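The structure appears right after this line, and notes come after that.
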Amino acid sequence: MNSLAEYSVISAILFALGLVGFMTRRNLIVIFLSTELMFQGIVLNVVTYARLHGNTDGQAFGLFMLVIAAVEAGLALGMIVLLYRRRGTLDAEAWSFMQG
Amino acid sequence: MTPETAYLLYFAFALGGAGVYFLLPRGEATKPAIGALFGLGSLIALALVLSTRIITPDHTTYYFYLFSTIAIAGAVRVITHPRPVYSALYFILVVIAVSALLVLLEAEFLAVAAIIVYAGAIMVTYLFVIMLAQQTSTPHYDSRSREPLLAVMAGFVLMAAIATRSADIAPSQVAGASTALNNASPIVLVSDDASGDSSTTMDEALSSSNTLLVGASVMTKYVVVLEISGILLLVSMVGAIALSRKRVPMEGYRPTAPPLGQIGKEVEPY
């Protein structure tokens, strides 16, 4: 039998790549795309463990994670539209005064 | 996992980190060819490590290698492409590749749902917003990354840590997982006491259909979570409308002119 470790490794790679994108990119849209990439990694991991334990709980979690991703995308894009209207740019550094 | 395999895994991640560092947009200093070369080496080393973890290769192994390569390459392009439109399109590629991996993990319903929700709905919204903020040329903030070296180091050390722990899942734990899935306890969706025929057909359907199993799990065990996610979607809809609406002045409303010397001092938010 396979250990399914390979799927878990792939999900770790996807998550960490999303994290790198979140930290390095300055475009607000690409930052939120990176969070979606992290969601993909987590969904893959959850489903891997569901398969490992032989039940469907992980797939239910993945379904709810899809809902969270949709909620996050809706709110984030509304916010991005608002911020773009205020500043005329998608640069996250344009809002760096908020760091206090 | 033997120490040699662990070191090979660390070597793969070091190569991958160097590749992502060279691929990240840094203005003139971006070197895509060197980055691609490092990335290729990293993928080969990773495949060598994973081949030691796959004990009994079968026909799904080739699909696993194919789709995980597509997923990783697409993910790297999502975070390194200087134009957001292409990042979104590469993300659709990642979603499709991950969905293929989900099919290999016998999660067919979730795979199709992910393609419909992500590639169909969320990505279209992203593309709309990107078109809304369309620039003629690549702006400076897309061609410059913020602290690429530190971010790559942090991200890839985290990746090595998680992946090394993940690669140590014992093969014995998974033995008979698919039979356990098939012998899952029958869930009585419709209570009928008279006929025994329908219960056997329900058992057969449950053992054959992933959608039925997931649906039974969501509708019975996690029904509270289902309700909460419905409320969450409603809240998100209200919030998005409230955030992004345009304030239109009332019909016939004429603001009084500000006194001289005050013009331009206060700017309307819209």
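Labels for the structure tokens follow display order: chains A, B, ..., residues from 1 in each chain, ligands from 1.
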
Please report as a Markdown table every residue of chain A lying within 7 Å of chain B, along with the nearest atom pair and their distance in Å (one decimal), using only C-alpha atoms.
| residue | atom | partner | partner_atom | distance |
| --- | --- | --- | --- | --- |
| A:Met1 | CA | B:Ala175 | CA | 5.9 |
| A:Asn2 | CA | B:Ile54 | CA | 5.6 |
| A:Ser3 | CA | B:Pro171 | CA | 4.0 |
| A:Ala5 | CA | B:Ala167 | CA | 4.8 |
| A:Glu6 | CA | B:Leu50 | CA | 5.9 |
| A:Ser8 | CA | B:Ser166 | CA | 5.7 |
| A:Val9 | CA | B:Ala163 | CA | 4.8 |
| A:Ile10 | CA | B:Ser68 | CA | 6.8 |
| A:Ala12 | CA | B:Ala163 | CA | 5.7 |
| A:Ile13 | CA | B:Met159 | CA | 5.8 |
| A:Leu14 | CA | B:Ile72 | CA | 6.7 |
| A:Ala16 | CA | B:Met159 | CA | 5.3 |
| A:Leu17 | CA | B:Ala75 | CA | 6.8 |
| A:Leu19 | CA | B:Gly155 | CA | 6.2 |
| A:Val20 | CA | B:Gly155 | CA | 5.3 |
| A:Gly21 | CA | B:Ile79 | CA | 4.8 |
| A:Met23 | CA | B:Ala151 | CA | 6.0 |
| A:Thr24 | CA | B:Arg146 | CA | 4.6 |
| A:Arg25 | CA | B:Ser145 | CA | 5.3 |
| A:Arg26 | CA | B:Tyr141 | CA | 5.9 |
| A:Asn27 | CA | B:Asp142 | CA | 6.2 |
| A:Val30 | CA | B:Pro84 | CA | 6.2 |
| A:Ser34 | CA | B:Ile79 | CA | 6.8 |
| A:Leu44 | CA | B:Leu102 | CA | 6.8 |
| A:Thr48 | CA | B:Leu105 | CA | 6.7 |
| A:Arg51 | CA | B:Leu105 | CA | 6.5 |
| A:Leu52 | CA | B:Val174 | CA | 5.0 |
| A:His53 | CA | B:Ala177 | CA | 6.2 |
| A:Gly54 | CA | B:Ala177 | CA | 4.5 |
| A:Asn55 | CA | B:Leu181 | CA | 5.7 |
| A:Thr56 | CA | B:Val214 | CA | 5.9 |
| A:Asp57 | CA | B:Ser217 | CA | 6.8 |
| A:Gln59 | CA | B:Leu110 | CA | 6.6 |
| A:Ala60 | CA | B:Val218 | CA | 5.9 |
| A:Leu63 | CA | B:Leu110 | CA | 6.5 |
| A:Val67 | CA | B:Ser229 | CA | 6.7 |
| A:Ala70 | CA | B:Ile122 | CA | 6.6 |
| A:Val71 | CA | B:Ser236 | CA | 5.6 |
| A:Ala73 | CA | B:Ile122 | CA | 6.8 |
| A:Gly74 | CA | B:Ala240 | CA | 6.2 |
| A:Leu75 | CA | B:Ala240 | CA | 5.1 |
| A:Gly78 | CA | B:Ala240 | CA | 5.1 |
| A:Met79 | CA | B:Leu243 | CA | 6.4 |
| A:Val81 | CA | B:Ser244 | CA | 6.4 |
| A:Leu82 | CA | B:Ser244 | CA | 5.7 |
| A:Asp91 | CA | B:Tyr141 | CA | 6.1 |

Please, which residues of region 51-94 of chain A, numbered as in this document, come out helix (DSSP H, G or I) from DSSP, as a PDB file with N, CA and C atoms, in the first residue's frame?
ATOM      1  N   ARG A  51      -8.588  10.268   3.045  1.00  0.00           N
ATOM      2  CA  ARG A  51      -8.322   9.005   2.350  1.00  0.00           C
ATOM      3  C   ARG A  51      -7.525   8.068   3.262  1.00  0.00           C
ATOM      4  N   LEU A  52      -6.594   8.682   4.036  1.00  0.00           N
ATOM      5  CA  LEU A  52      -5.737   7.887   4.922  1.00  0.00           C
ATOM      6  C   LEU A  52      -6.563   7.194   5.980  1.00  0.00           C
ATOM      7  N   HIS A  53      -7.555   7.893   6.533  1.00  0.00           N
ATOM      8  CA  HIS A  53      -8.372   7.308   7.586  1.00  0.00           C
ATOM      9  C   HIS A  53      -9.604   6.605   7.054  1.00  0.00           C
ATOM     10  N   ASP A  57     -14.883  12.649   6.218  1.00  0.00           N
ATOM     11  CA  ASP A  57     -14.903  13.887   6.988  1.00  0.00           C
ATOM     12  C   ASP A  57     -14.041  14.958   6.331  1.00  0.00           C
ATOM     13  N   GLY A  58     -12.872  14.553   5.857  1.00  0.00           N
ATOM     14  CA  GLY A  58     -11.972  15.509   5.235  1.00  0.00           C
ATOM     15  C   GLY A  58     -12.572  16.127   3.995  1.00  0.00           C
ATOM     16  N   GLN A  59     -13.333  15.319   3.243  1.00  0.00           N
ATOM     17  CA  GLN A  59     -13.953  15.889   2.035  1.00  0.00           C
ATOM     18  C   GLN A  59     -15.022  16.900   2.411  1.00  0.00           C
ATOM     19  N   ALA A  60     -15.736  16.643   3.525  1.00  0.00           N
ATOM     20  CA  ALA A  60     -16.707  17.644   3.999  1.00  0.00           C
ATOM     21  C   ALA A  60     -15.986  18.925   4.399  1.00  0.00           C
ATOM     22  N   PHE A  61     -14.841  18.772   5.084  1.00  0.00           N
ATOM     23  CA  PHE A  61     -14.056  19.960   5.447  1.00  0.00           C
ATOM     24  C   PHE A  61     -13.631  20.717   4.195  1.00  0.00           C
ATOM     25  N   GLY A  62     -13.209  19.980   3.172  1.00  0.00           N
ATOM     26  CA  GLY A  62     -12.802  20.622   1.926  1.00  0.00           C
ATOM     27  C   GLY A  62     -13.928  21.412   1.305  1.00  0.00           C
ATOM     28  N   LEU A  63     -15.144  20.861   1.394  1.00  0.00           N
ATOM     29  CA  LEU A  63     -16.311  21.557   0.861  1.00  0.00           C
ATOM     30  C   LEU A  63     -16.544  22.865   1.615  1.00  0.00           C
ATOM     31  N   PHE A  64     -16.421  22.822   2.952  1.00  0.00           N
ATOM     32  CA  PHE A  64     -16.616  24.053   3.732  1.00  0.00           C
ATOM     33  C   PHE A  64     -15.494  25.047   3.454  1.00  0.00           C
ATOM     34  N   MET A  65     -14.308  24.519   3.193  1.00  0.00           N
ATOM     35  CA  MET A  65     -13.190  25.407   2.872  1.00  0.00           C
ATOM     36  C   MET A  65     -13.436  26.145   1.560  1.00  0.00           C
ATOM     37  N   LEU A  66     -14.130  25.463   0.643  1.00  0.00           N
ATOM     38  CA  LEU A  66     -14.518  26.102  -0.615  1.00  0.00           C
ATOM     39  C   LEU A  66     -15.438  27.286  -0.341  1.00  0.00           C
ATOM     40  N   VAL A  67     -16.363  27.100   0.618  1.00  0.00           N
ATOM     41  CA  VAL A  67     -17.274  28.188   0.999  1.00  0.00           C
ATOM     42  C   VAL A  67     -16.474  29.363   1.556  1.00  0.00           C
ATOM     43  N   ILE A  68     -15.516  29.033   2.456  1.00  0.00           N
ATOM     44  CA  ILE A  68     -14.702  30.102   3.055  1.00  0.00           C
ATOM     45  C   ILE A  68     -13.925  30.852   1.978  1.00  0.00           C
ATOM     46  N   ALA A  69     -13.401  30.098   0.998  1.00  0.00           N
ATOM     47  CA  ALA A  69     -12.638  30.743  -0.081  1.00  0.00           C
ATOM     48  C   ALA A  69     -13.530  31.685  -0.873  1.00  0.00           C
ATOM     49  N   ALA A  70     -14.781  31.268  -1.123  1.00  0.00           N
ATOM     50  CA  ALA A  70     -15.695  32.133  -1.882  1.00  0.00           C
ATOM     51  C   ALA A  70     -16.018  33.393  -1.082  1.00  0.00           C
ATOM     52  N   VAL A  71     -16.260  33.219   0.230  1.00  0.00           N
ATOM     53  CA  VAL A  71     -16.552  34.375   1.088  1.00  0.00           C
ATOM     54  C   VAL A  71     -15.385  35.347   1.097  1.00  0.00           C
ATOM     55  N   GLU A  72     -14.192  34.771   1.268  1.00  0.00           N
ATOM     56  CA  GLU A  72     -12.988  35.600   1.324  1.00  0.00           C
ATOM     57  C   GLU A  72     -12.778  36.336   0.008  1.00  0.00           C
ATOM     58  N   ALA A  73     -12.981  35.647  -1.120  1.00  0.00           N
ATOM     59  CA  ALA A  73     -12.777  36.291  -2.416  1.00  0.00           C
ATOM     60  C   ALA A  73     -13.775  37.422  -2.613  1.00  0.00           C
ATOM     61  N   GLY A  74     -15.047  37.190  -2.229  1.00  0.00           N
ATOM     62  CA  GLY A  74     -16.038  38.238  -2.404  1.00  0.00           C
ATOM     63  C   GLY A  74     -15.704  39.482  -1.608  1.00  0.00           C
ATOM     64  N   LEU A  75     -15.403  39.301  -0.330  1.00  0.00           N
ATOM     65  CA  LEU A  75     -15.090  40.458   0.517  1.00  0.00           C
ATOM     66  C   LEU A  75     -13.797  41.134   0.074  1.00  0.00           C
ATOM     67  N   ALA A  76     -12.783  40.321  -0.241  1.00  0.00           N
ATOM     68  CA  ALA A  76     -11.487  40.882  -0.603  1.00  0.00           C
ATOM     69  C   ALA A  76     -11.598  41.686  -1.891  1.00  0.00           C
ATOM     70  N   LEU A  77     -12.346  41.165  -2.862  1.00  0.00           N
ATOM     71  CA  LEU A  77     -12.440  41.907  -4.120  1.00  0.00           C
ATOM     72  C   LEU A  77     -13.251  43.183  -3.942  1.00  0.00           C
ATOM     73  N   GLY A  78     -14.279  43.152  -3.084  1.00  0.00           N
ATOM     74  CA  GLY A  78     -14.989  44.386  -2.776  1.00  0.00           C
ATOM     75  C   GLY A  78     -14.070  45.425  -2.165  1.00  0.00           C
ATOM     76  N   MET A  79     -13.212  44.949  -1.254  1.00  0.00           N
ATOM     77  CA  MET A  79     -12.260  45.850  -0.617  1.00  0.00           C
ATOM     78  C   MET A  79     -11.255  46.387  -1.606  1.00  0.00           C
ATOM     79  N   ILE A  80     -10.801  45.510  -2.539  1.00  0.00           N
ATOM     80  CA  ILE A  80      -9.803  45.953  -3.520  1.00  0.00           C
ATOM     81  C   ILE A  80     -10.395  47.036  -4.422  1.00  0.00           C
ATOM     82  N   VAL A  81     -11.665  46.850  -4.824  1.00  0.00           N
ATOM     83  CA  VAL A  81     -12.318  47.861  -5.655  1.00  0.00           C
ATOM     84  C   VAL A  81     -12.377  49.193  -4.917  1.00  0.00           C
ATOM     85  N   LEU A  82     -12.725  49.131  -3.614  1.00  0.00           N
ATOM     86  CA  LEU A  82     -12.793  50.340  -2.782  1.00  0.00           C
ATOM     87  C   LEU A  82     -11.429  51.025  -2.709  1.00  0.00           C
ATOM     88  N   LEU A  83     -10.384  50.217  -2.422  1.00  0.00           N
ATOM     89  CA  LEU A  83      -9.051  50.801  -2.262  1.00  0.00           C
ATOM     90  C   LEU A  83      -8.556  51.370  -3.584  1.00  0.00           C
ATOM     91  N   TYR A  84      -8.875  50.669  -4.687  1.00  0.00           N
ATOM     92  CA  TYR A  84      -8.424  51.167  -5.991  1.00  0.00           C
ATOM     93  C   TYR A  84      -9.099  52.490  -6.315  1.00  0.00           C
ATOM     94  N   ARG A  85     -10.377  52.637  -5.920  1.00  0.00           N
ATOM     95  CA  ARG A  85     -11.073  53.898  -6.185  1.00  0.00           C
ATOM     96  C   ARG A  85     -10.464  55.037  -5.395  1.00  0.00           C
ATOM     97  N   ARG A  86      -9.969  54.731  -4.190  1.00  0.00           N
ATOM     98  CA  ARG A  86      -9.409  55.797  -3.356  1.00  0.00           C
ATOM     99  C   ARG A  86      -8.043  56.257  -3.862  1.00  0.00           C
ATOM    100  N   ARG A  87      -7.209  55.295  -4.299  1.00  0.00           N
ATOM    101  CA  ARG A  87      -5.820  55.639  -4.594  1.00  0.00           C
ATOM    102  C   ARG A  87      -5.446  55.548  -6.062  1.00  0.00           C
ATOM    103  N   ALA A  92       0.175  47.613  -2.695  1.00  0.00           N
ATOM    104  CA  ALA A  92      -0.106  47.506  -1.258  1.00  0.00           C
ATOM    105  C   ALA A  92       0.684  48.542  -0.471  1.00  0.00           C
ATOM    106  N   GLU A  93       1.829  49.000  -1.027  1.00  0.00           N
ATOM    107  CA  GLU A  93       2.649  49.975  -0.316  1.00  0.00           C
ATOM    108  C   GLU A  93       1.964  51.326  -0.228  1.00  0.00           C
ATOM    109  N   ALA A  94       0.954  51.553  -1.096  1.00  0.00           N
ATOM    110  CA  ALA A  94       0.254  52.834  -1.042  1.00  0.00           C
ATOM    111  C   ALA A  94      -0.500  52.980   0.272  1.00  0.00           C
TER     112      ALA A  94
END

Legend entry - Computed interatomic separation between CA of Thr61 (chain B) and CA of Tyr7 (chain A) (Å):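 Calculated distance between CA of Thr61 (chain B) and CA of Tyr7 (chain A) is 10.9 Å.
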
Legend entry - Point-to-point distance from CA of Leu33 (chain A) to CA of Leu15 (chain B), Å rounded to tenths: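 Separation between CA of Leu33 (chain A) and CA of Leu15 (chain B): 24.2 Å.
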
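Distance-wise, CA of Ala6 (chain B) and CA of Gly41 (chain A) end up 21.3 Å apart.
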
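For the choices B:Tyr62, B:Tyr7, B:Phe38, B:Tyr86, the atom-to-atom distance to Leu23 (chain B) is smallest for B:Phe38 when using only C-alpha atoms.
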